[in-house]
Amino acid sequence: MLVEWVRTDLGVKYALVHLYEEYKDRNEDQMESYRGRTALLQEELKKGNASLKLSALQPSDDGAYKCLIRSFDWNKPQRAAIIIWVVGHYYSQHCSD
């Protein structure tokens, strides 16, 4: 199984946010700004939930994401429901002189 989360709005060809392949996280080519902040929940993957958990939210996280899921076990077309929940917020501090 392959689960690949990428950013599609940054103007670069391949903006990897998280890669899970052959039952392991493979984030060697992950964008530096996401290092140590992404996770897929293994138990949820077994249920078909490929949600990306992003911690320590930053203003730069705002944008368009795409998820590609491939399974070599699927012999026929599959149906999927895509639900996007954004939970959490970030704090911005402004300084005035």
# chains A, B, ... in the order shown; residues from 1 in each chain; ligands from 1
call {"tool": "residues_around", "arguments": {"residues": "Tyr20 of chain A", "least_positions_apart": "4", "cutoff": "6 Å", "atoms": "only C-alpha atoms", "output": "list of chain:residue names"}}
result
A:Leu2, A:Val3, A:Lys24, A:Asp25, A:Arg26
call {"tool": "write_last_selection", "arguments": {"atoms": "N, CA and C atoms", "output": "short mmCIF file (atom, residue, chain, number, x, y, z; two decimals), in the first residue's frame"}}
result
data_model
loop_
_atom_site.label_atom_id
_atom_site.label_comp_id
_atom_site.auth_asym_id
_atom_site.auth_seq_id
_atom_site.Cartn_x
_atom_site.Cartn_y
_atom_site.Cartn_z
N LEU A 2 0.42 2.26 -0.71
CA LEU A 2 1.11 3.53 -0.75
C LEU A 2 0.10 4.64 -0.41
N VAL A 3 0.48 5.52 0.50
CA VAL A 3 -0.31 6.70 0.83
C VAL A 3 0.65 7.88 0.73
N LYS A 24 5.66 1.34 5.94
CA LYS A 24 6.60 2.18 6.67
C LYS A 24 6.46 3.63 6.21
N ASP A 25 6.73 4.57 7.14
CA ASP A 25 6.84 5.96 6.76
C ASP A 25 8.17 6.13 6.04
N ARG A 26 8.13 6.80 4.90
CA ARG A 26 9.35 6.99 4.09
C ARG A 26 9.44 8.48 3.73
#
call {"tool": "residues_around", "arguments": {"residues": "segment 37-40 of chain A", "least_positions_apart": "5", "cutoff": "9 Å", "atoms": "only C-alpha atoms", "output": "PDB file with N, CA, C and O atoms, in the first residue's frame"}}
result
ATOM      1  N   VAL A  17       4.579  16.002   1.586  1.00  0.00           N
ATOM      2  CA  VAL A  17       4.232  16.273   2.979  1.00  0.00           C
ATOM      3  C   VAL A  17       4.422  15.004   3.805  1.00  0.00           C
ATOM      4  O   VAL A  17       4.982  15.037   4.901  1.00  0.00           O
ATOM      5  N   HIS A  18       3.965  13.850   3.286  1.00  0.00           N
ATOM      6  CA  HIS A  18       4.125  12.585   4.007  1.00  0.00           C
ATOM      7  C   HIS A  18       4.012  11.428   3.015  1.00  0.00           C
ATOM      8  O   HIS A  18       3.155  11.441   2.135  1.00  0.00           O
ATOM      9  N   TYR A  20       3.874   7.109   2.964  1.00  0.00           N
ATOM     10  CA  TYR A  20       3.800   5.811   3.642  1.00  0.00           C
ATOM     11  C   TYR A  20       3.800   4.766   2.544  1.00  0.00           C
ATOM     12  O   TYR A  20       2.950   4.789   1.653  1.00  0.00           O
ATOM     13  N   ASP A  25       6.726   4.566   7.137  1.00  0.00           N
ATOM     14  CA  ASP A  25       6.841   5.961   6.760  1.00  0.00           C
ATOM     15  C   ASP A  25       8.171   6.126   6.039  1.00  0.00           C
ATOM     16  O   ASP A  25       9.203   5.638   6.495  1.00  0.00           O
ATOM     17  N   LEU A  45      -5.241   3.177   9.442  1.00  0.00           N
ATOM     18  CA  LEU A  45      -4.954   2.725   8.080  1.00  0.00           C
ATOM     19  C   LEU A  45      -5.558   1.353   7.820  1.00  0.00           C
ATOM     20  O   LEU A  45      -6.069   1.085   6.733  1.00  0.00           O
ATOM     21  N   ASN A  49      -8.670   4.407   6.815  1.00  0.00           N
ATOM     22  CA  ASN A  49      -8.592   5.831   7.112  1.00  0.00           C
ATOM     23  C   ASN A  49      -7.149   6.286   6.917  1.00  0.00           C
ATOM     24  O   ASN A  49      -6.265   5.921   7.679  1.00  0.00           O
ATOM     25  N   ALA A  50      -6.917   7.107   5.901  1.00  0.00           N
ATOM     26  CA  ALA A  50      -5.567   7.575   5.595  1.00  0.00           C
ATOM     27  C   ALA A  50      -5.378   9.035   5.990  1.00  0.00           C
ATOM     28  O   ALA A  50      -4.644   9.778   5.346  1.00  0.00           O
ATOM     29  N   SER A  51      -6.036   9.440   7.058  1.00  0.00           N
ATOM     30  CA  SER A  51      -5.943  10.826   7.511  1.00  0.00           C
ATOM     31  C   SER A  51      -4.511  11.204   7.851  1.00  0.00           C
ATOM     32  O   SER A  51      -3.765  10.423   8.435  1.00  0.00           O
ATOM     33  N   LEU A  52      -4.159  12.426   7.499  1.00  0.00           N
ATOM     34  CA  LEU A  52      -2.861  12.976   7.845  1.00  0.00           C
ATOM     35  C   LEU A  52      -3.009  13.768   9.129  1.00  0.00           C
ATOM     36  O   LEU A  52      -3.854  14.651   9.232  1.00  0.00           O
ATOM     37  N   LYS A  53      -2.185  13.448  10.115  1.00  0.00           N
ATOM     38  CA  LYS A  53      -2.165  14.216  11.355  1.00  0.00           C
ATOM     39  C   LYS A  53      -0.978  15.165  11.272  1.00  0.00           C
ATOM     40  O   LYS A  53       0.161  14.744  11.109  1.00  0.00           O
ATOM     41  N   LEU A  54      -1.275  16.447  11.366  1.00  0.00           N
ATOM     42  CA  LEU A  54      -0.249  17.473  11.288  1.00  0.00           C
ATOM     43  C   LEU A  54      -0.224  18.215  12.613  1.00  0.00           C
ATOM     44  O   LEU A  54      -1.231  18.764  13.047  1.00  0.00           O
ATOM     45  N   SER A  55       0.911  18.202  13.269  1.00  0.00           N
ATOM     46  CA  SER A  55       1.023  18.846  14.584  1.00  0.00           C
ATOM     47  C   SER A  55       1.793  20.157  14.470  1.00  0.00           C
ATOM     48  O   SER A  55       2.406  20.451  13.444  1.00  0.00           O
ATOM     49  N   ALA A  56       1.769  20.933  15.544  1.00  0.00           N
ATOM     50  CA  ALA A  56       2.454  22.233  15.617  1.00  0.00           C
ATOM     51  C   ALA A  56       2.129  23.080  14.389  1.00  0.00           C
ATOM     52  O   ALA A  56       3.010  23.492  13.639  1.00  0.00           O
ATOM     53  N   LEU A  57       0.827  23.332  14.203  1.00  0.00           N
ATOM     54  CA  LEU A  57       0.365  24.067  13.025  1.00  0.00           C
ATOM     55  C   LEU A  57       1.057  25.417  12.891  1.00  0.00           C
ATOM     56  O   LEU A  57       1.332  26.087  13.876  1.00  0.00           O
TER      57      LEU A  57
END
call {"tool": "residues_around", "arguments": {"residues": "Asp9 of chain A", "least_positions_apart": "3", "cutoff": "9 Å", "atoms": "only C-alpha atoms", "output": "list of chain:residue names"}}
result
A:Val12, A:Ala15, A:Gly63, A:Ala64, A:Tyr65
call {"tool": "atom_distance", "arguments": {"atom1": "atom CA of Glu22 of chain A", "atom2": "atom CA of Arg70 of chain A"}}
result
10.7 Å
call {"tool": "closest_residue", "arguments": {"among": "A:Leu16, A:Asp61, A:Leu68, A:Met1", "to": "Glu28 of chain A", "atoms": "only C-alpha atoms"}}
result
A:Leu16
call {"tool": "closest_residue", "arguments": {"among": "A:Tyr23, A:Ser33, A:Lys47, A:Ser71", "to": "Pro59 of chain A", "atoms": "only C-alpha atoms"}}
result
A:Ser33
call {"tool": "closest_residue", "arguments": {"among": "A:Gln58, A:Gly48, A:Trp5, A:Tyr34", "to": "Leu19 of chain A", "atoms": "only C-alpha atoms"}}
result
A:Trp5
call {"tool": "atom_distance", "arguments": {"atom1": "atom CA of Lys13 of chain A", "atom2": "atom CA of Asp29 of chain A"}}
result
12.8 Å
call {"tool": "closest_residue", "arguments": {"among": "A:Glu21, A:Asp62, A:Glu44, A:Ile69", "to": "Arg7 of chain A", "atoms": "only C-alpha atoms"}}
result
A:Asp62
call {"tool": "select_by_dssp", "arguments": {"residues": "segment 1-85 of chain A", "states": "strand (DSSP E)", "output": "list of chain:residue names"}}
result
A:Leu2, A:Val3, A:Glu4, A:Trp5, A:Val6, A:Arg7, A:Ala15, A:Leu16, A:Val17, A:His18, A:Leu19, A:Tyr20, A:Glu21, A:Lys24, A:Asp25, A:Thr38, A:Ala39, A:Leu40, A:Leu52, A:Lys53, A:Leu54, A:Tyr65, A:Lys66, A:Cys67, A:Leu68, A:Ile69, A:Arg70
call {"tool": "decode", "arguments": {"residues": "segment 21-34 of chain A", "atoms": "all heavy atoms", "output": "mmCIF file, in the first residue's frame"}}
result
data_model
loop_
_atom_site.group_PDB
_atom_site.id
_atom_site.type_symbol
_atom_site.label_atom_id
_atom_site.label_comp_id
_atom_site.auth_asym_id
_atom_site.auth_seq_id
_atom_site.Cartn_x
_atom_site.Cartn_y
_atom_site.Cartn_z
ATOM 1 N N GLU A 21 4.791 3.865 2.569
ATOM 2 C CA GLU A 21 4.905 2.869 1.521
ATOM 3 C C GLU A 21 5.434 1.571 2.096
ATOM 4 O O GLU A 21 6.363 1.577 2.899
ATOM 5 C CB GLU A 21 5.850 3.387 0.433
ATOM 6 C CG GLU A 21 5.925 2.519 -0.777
ATOM 7 C CD GLU A 21 6.789 3.140 -1.865
ATOM 8 O OE1 GLU A 21 7.681 3.949 -1.546
ATOM 9 O OE2 GLU A 21 6.555 2.811 -3.025
ATOM 10 N N GLU A 22 4.825 0.474 1.679
ATOM 11 C CA GLU A 22 5.237 -0.856 2.140
ATOM 12 C C GLU A 22 5.283 -0.930 3.661
ATOM 13 O O GLU A 22 6.249 -1.393 4.249
ATOM 14 C CB GLU A 22 6.580 -1.235 1.513
ATOM 15 C CG GLU A 22 6.502 -1.333 0.002
ATOM 16 C CD GLU A 22 7.840 -1.666 -0.635
ATOM 17 O OE1 GLU A 22 8.784 -2.037 0.093
ATOM 18 O OE2 GLU A 22 7.929 -1.551 -1.860
ATOM 19 N N TYR A 23 4.240 -0.388 4.287
ATOM 20 C CA TYR A 23 4.031 -0.475 5.739
ATOM 21 C C TYR A 23 5.027 0.331 6.565
ATOM 22 O O TYR A 23 5.244 0.060 7.737
ATOM 23 C CB TYR A 23 4.009 -1.940 6.193
ATOM 24 C CG TYR A 23 3.017 -2.754 5.412
ATOM 25 C CD1 TYR A 23 3.443 -3.622 4.409
ATOM 26 C CD2 TYR A 23 1.658 -2.633 5.648
ATOM 27 C CE1 TYR A 23 2.527 -4.352 3.664
ATOM 28 C CE2 TYR A 23 0.734 -3.355 4.907
ATOM 29 C CZ TYR A 23 1.177 -4.209 3.918
ATOM 30 O OH TYR A 23 0.268 -4.914 3.180
ATOM 31 N N LYS A 24 5.660 1.343 5.943
ATOM 32 C CA LYS A 24 6.600 2.185 6.672
ATOM 33 C C LYS A 24 6.463 3.629 6.211
ATOM 34 O O LYS A 24 6.162 3.900 5.047
ATOM 35 C CB LYS A 24 8.048 1.752 6.411
ATOM 36 C CG LYS A 24 8.403 0.408 6.989
ATOM 37 C CD LYS A 24 9.866 0.113 6.753
ATOM 38 C CE LYS A 24 10.193 -1.265 7.301
ATOM 39 N NZ LYS A 24 11.597 -1.620 7.083
ATOM 40 N N ASP A 25 6.726 4.566 7.137
ATOM 41 C CA ASP A 25 6.841 5.961 6.760
ATOM 42 C C ASP A 25 8.171 6.126 6.039
ATOM 43 O O ASP A 25 9.203 5.638 6.495
ATOM 44 C CB ASP A 25 6.821 6.861 8.006
ATOM 45 C CG ASP A 25 5.465 6.847 8.695
ATOM 46 O OD1 ASP A 25 4.435 6.891 7.982
ATOM 47 O OD2 ASP A 25 5.432 6.801 9.931
ATOM 48 N N ARG A 26 8.127 6.804 4.898
ATOM 49 C CA ARG A 26 9.346 6.993 4.093
ATOM 50 C C ARG A 26 9.436 8.476 3.733
ATOM 51 O O ARG A 26 9.053 8.883 2.651
ATOM 52 C CB ARG A 26 9.305 6.126 2.851
ATOM 53 C CG ARG A 26 9.145 4.655 3.200
ATOM 54 C CD ARG A 26 9.500 3.765 2.050
ATOM 55 N NE ARG A 26 9.287 2.373 2.385
ATOM 56 C CZ ARG A 26 10.221 1.563 2.833
ATOM 57 N NH1 ARG A 26 11.439 1.998 3.029
ATOM 58 N NH2 ARG A 26 9.945 0.292 3.098
ATOM 59 N N ASN A 27 9.957 9.241 4.667
ATOM 60 C CA ASN A 27 9.937 10.690 4.523
ATOM 61 C C ASN A 27 11.304 11.305 4.253
ATOM 62 O O ASN A 27 11.554 12.454 4.607
ATOM 63 C CB ASN A 27 9.291 11.315 5.765
ATOM 64 C CG ASN A 27 7.802 11.027 5.785
ATOM 65 O OD1 ASN A 27 7.132 11.152 4.772
ATOM 66 N ND2 ASN A 27 7.292 10.624 6.932
ATOM 67 N N GLU A 28 12.173 10.562 3.599
ATOM 68 C CA GLU A 28 13.501 11.094 3.287
ATOM 69 C C GLU A 28 13.402 12.321 2.381
ATOM 70 O O GLU A 28 14.221 13.234 2.461
ATOM 71 C CB GLU A 28 14.374 10.025 2.616
ATOM 72 C CG GLU A 28 14.675 8.824 3.493
ATOM 73 C CD GLU A 28 13.560 7.772 3.504
ATOM 74 O OE1 GLU A 28 12.654 7.821 2.629
ATOM 75 O OE2 GLU A 28 13.584 6.926 4.401
ATOM 76 N N ASP A 29 12.412 12.362 1.485
ATOM 77 C CA ASP A 29 12.249 13.473 0.550
ATOM 78 C C ASP A 29 11.176 14.460 0.997
ATOM 79 O O ASP A 29 10.730 15.297 0.213
ATOM 80 C CB ASP A 29 11.900 12.936 -0.840
ATOM 81 C CG ASP A 29 13.030 12.099 -1.425
ATOM 82 O OD1 ASP A 29 14.205 12.434 -1.171
ATOM 83 O OD2 ASP A 29 12.732 11.118 -2.129
ATOM 84 N N GLN A 30 10.776 14.359 2.254
ATOM 85 C CA GLN A 30 9.736 15.229 2.805
ATOM 86 C C GLN A 30 10.219 16.681 2.857
ATOM 87 O O GLN A 30 11.392 16.948 3.125
ATOM 88 C CB GLN A 30 9.395 14.756 4.217
ATOM 89 C CG GLN A 30 8.279 15.504 4.892
ATOM 90 C CD GLN A 30 8.036 14.972 6.292
ATOM 91 O OE1 GLN A 30 8.983 14.742 7.054
ATOM 92 N NE2 GLN A 30 6.781 14.777 6.639
ATOM 93 N N MET A 31 9.301 17.620 2.612
ATOM 94 C CA MET A 31 9.639 19.036 2.737
ATOM 95 C C MET A 31 10.142 19.309 4.152
ATOM 96 O O MET A 31 9.581 18.815 5.127
ATOM 97 C CB MET A 31 8.398 19.892 2.461
ATOM 98 C CG MET A 31 7.916 19.822 1.034
ATOM 99 S SD MET A 31 6.376 20.746 0.802
ATOM 100 C CE MET A 31 6.843 22.364 1.375
ATOM 101 N N GLU A 32 11.173 20.086 4.250
ATOM 102 C CA GLU A 32 11.805 20.369 5.542
ATOM 103 C C GLU A 32 10.818 20.947 6.559
ATOM 104 O O GLU A 32 10.850 20.609 7.738
ATOM 105 C CB GLU A 32 12.973 21.345 5.344
ATOM 106 C CG GLU A 32 13.768 21.610 6.592
ATOM 107 C CD GLU A 32 14.545 20.397 7.078
ATOM 108 O OE1 GLU A 32 14.980 19.586 6.253
ATOM 109 O OE2 GLU A 32 14.694 20.263 8.315
ATOM 110 N N SER A 33 9.913 21.792 6.115
ATOM 111 C CA SER A 33 8.976 22.449 7.039
ATOM 112 C C SER A 33 7.993 21.474 7.686
ATOM 113 O O SER A 33 7.338 21.823 8.665
ATOM 114 C CB SER A 33 8.210 23.560 6.324
ATOM 115 O OG SER A 33 7.438 23.030 5.264
ATOM 116 N N TYR A 34 7.890 20.246 7.166
ATOM 117 C CA TYR A 34 6.980 19.255 7.740
ATOM 118 C C TYR A 34 7.698 18.188 8.576
ATOM 119 O O TYR A 34 7.047 17.352 9.192
ATOM 120 C CB TYR A 34 6.174 18.572 6.633
ATOM 121 C CG TYR A 34 5.145 19.493 6.024
ATOM 122 C CD1 TYR A 34 5.406 20.187 4.857
ATOM 123 C CD2 TYR A 34 3.912 19.683 6.639
ATOM 124 C CE1 TYR A 34 4.473 21.050 4.311
ATOM 125 C CE2 TYR A 34 2.970 20.537 6.099
ATOM 126 C CZ TYR A 34 3.267 21.219 4.933
ATOM 127 O OH TYR A 34 2.337 22.071 4.407
#
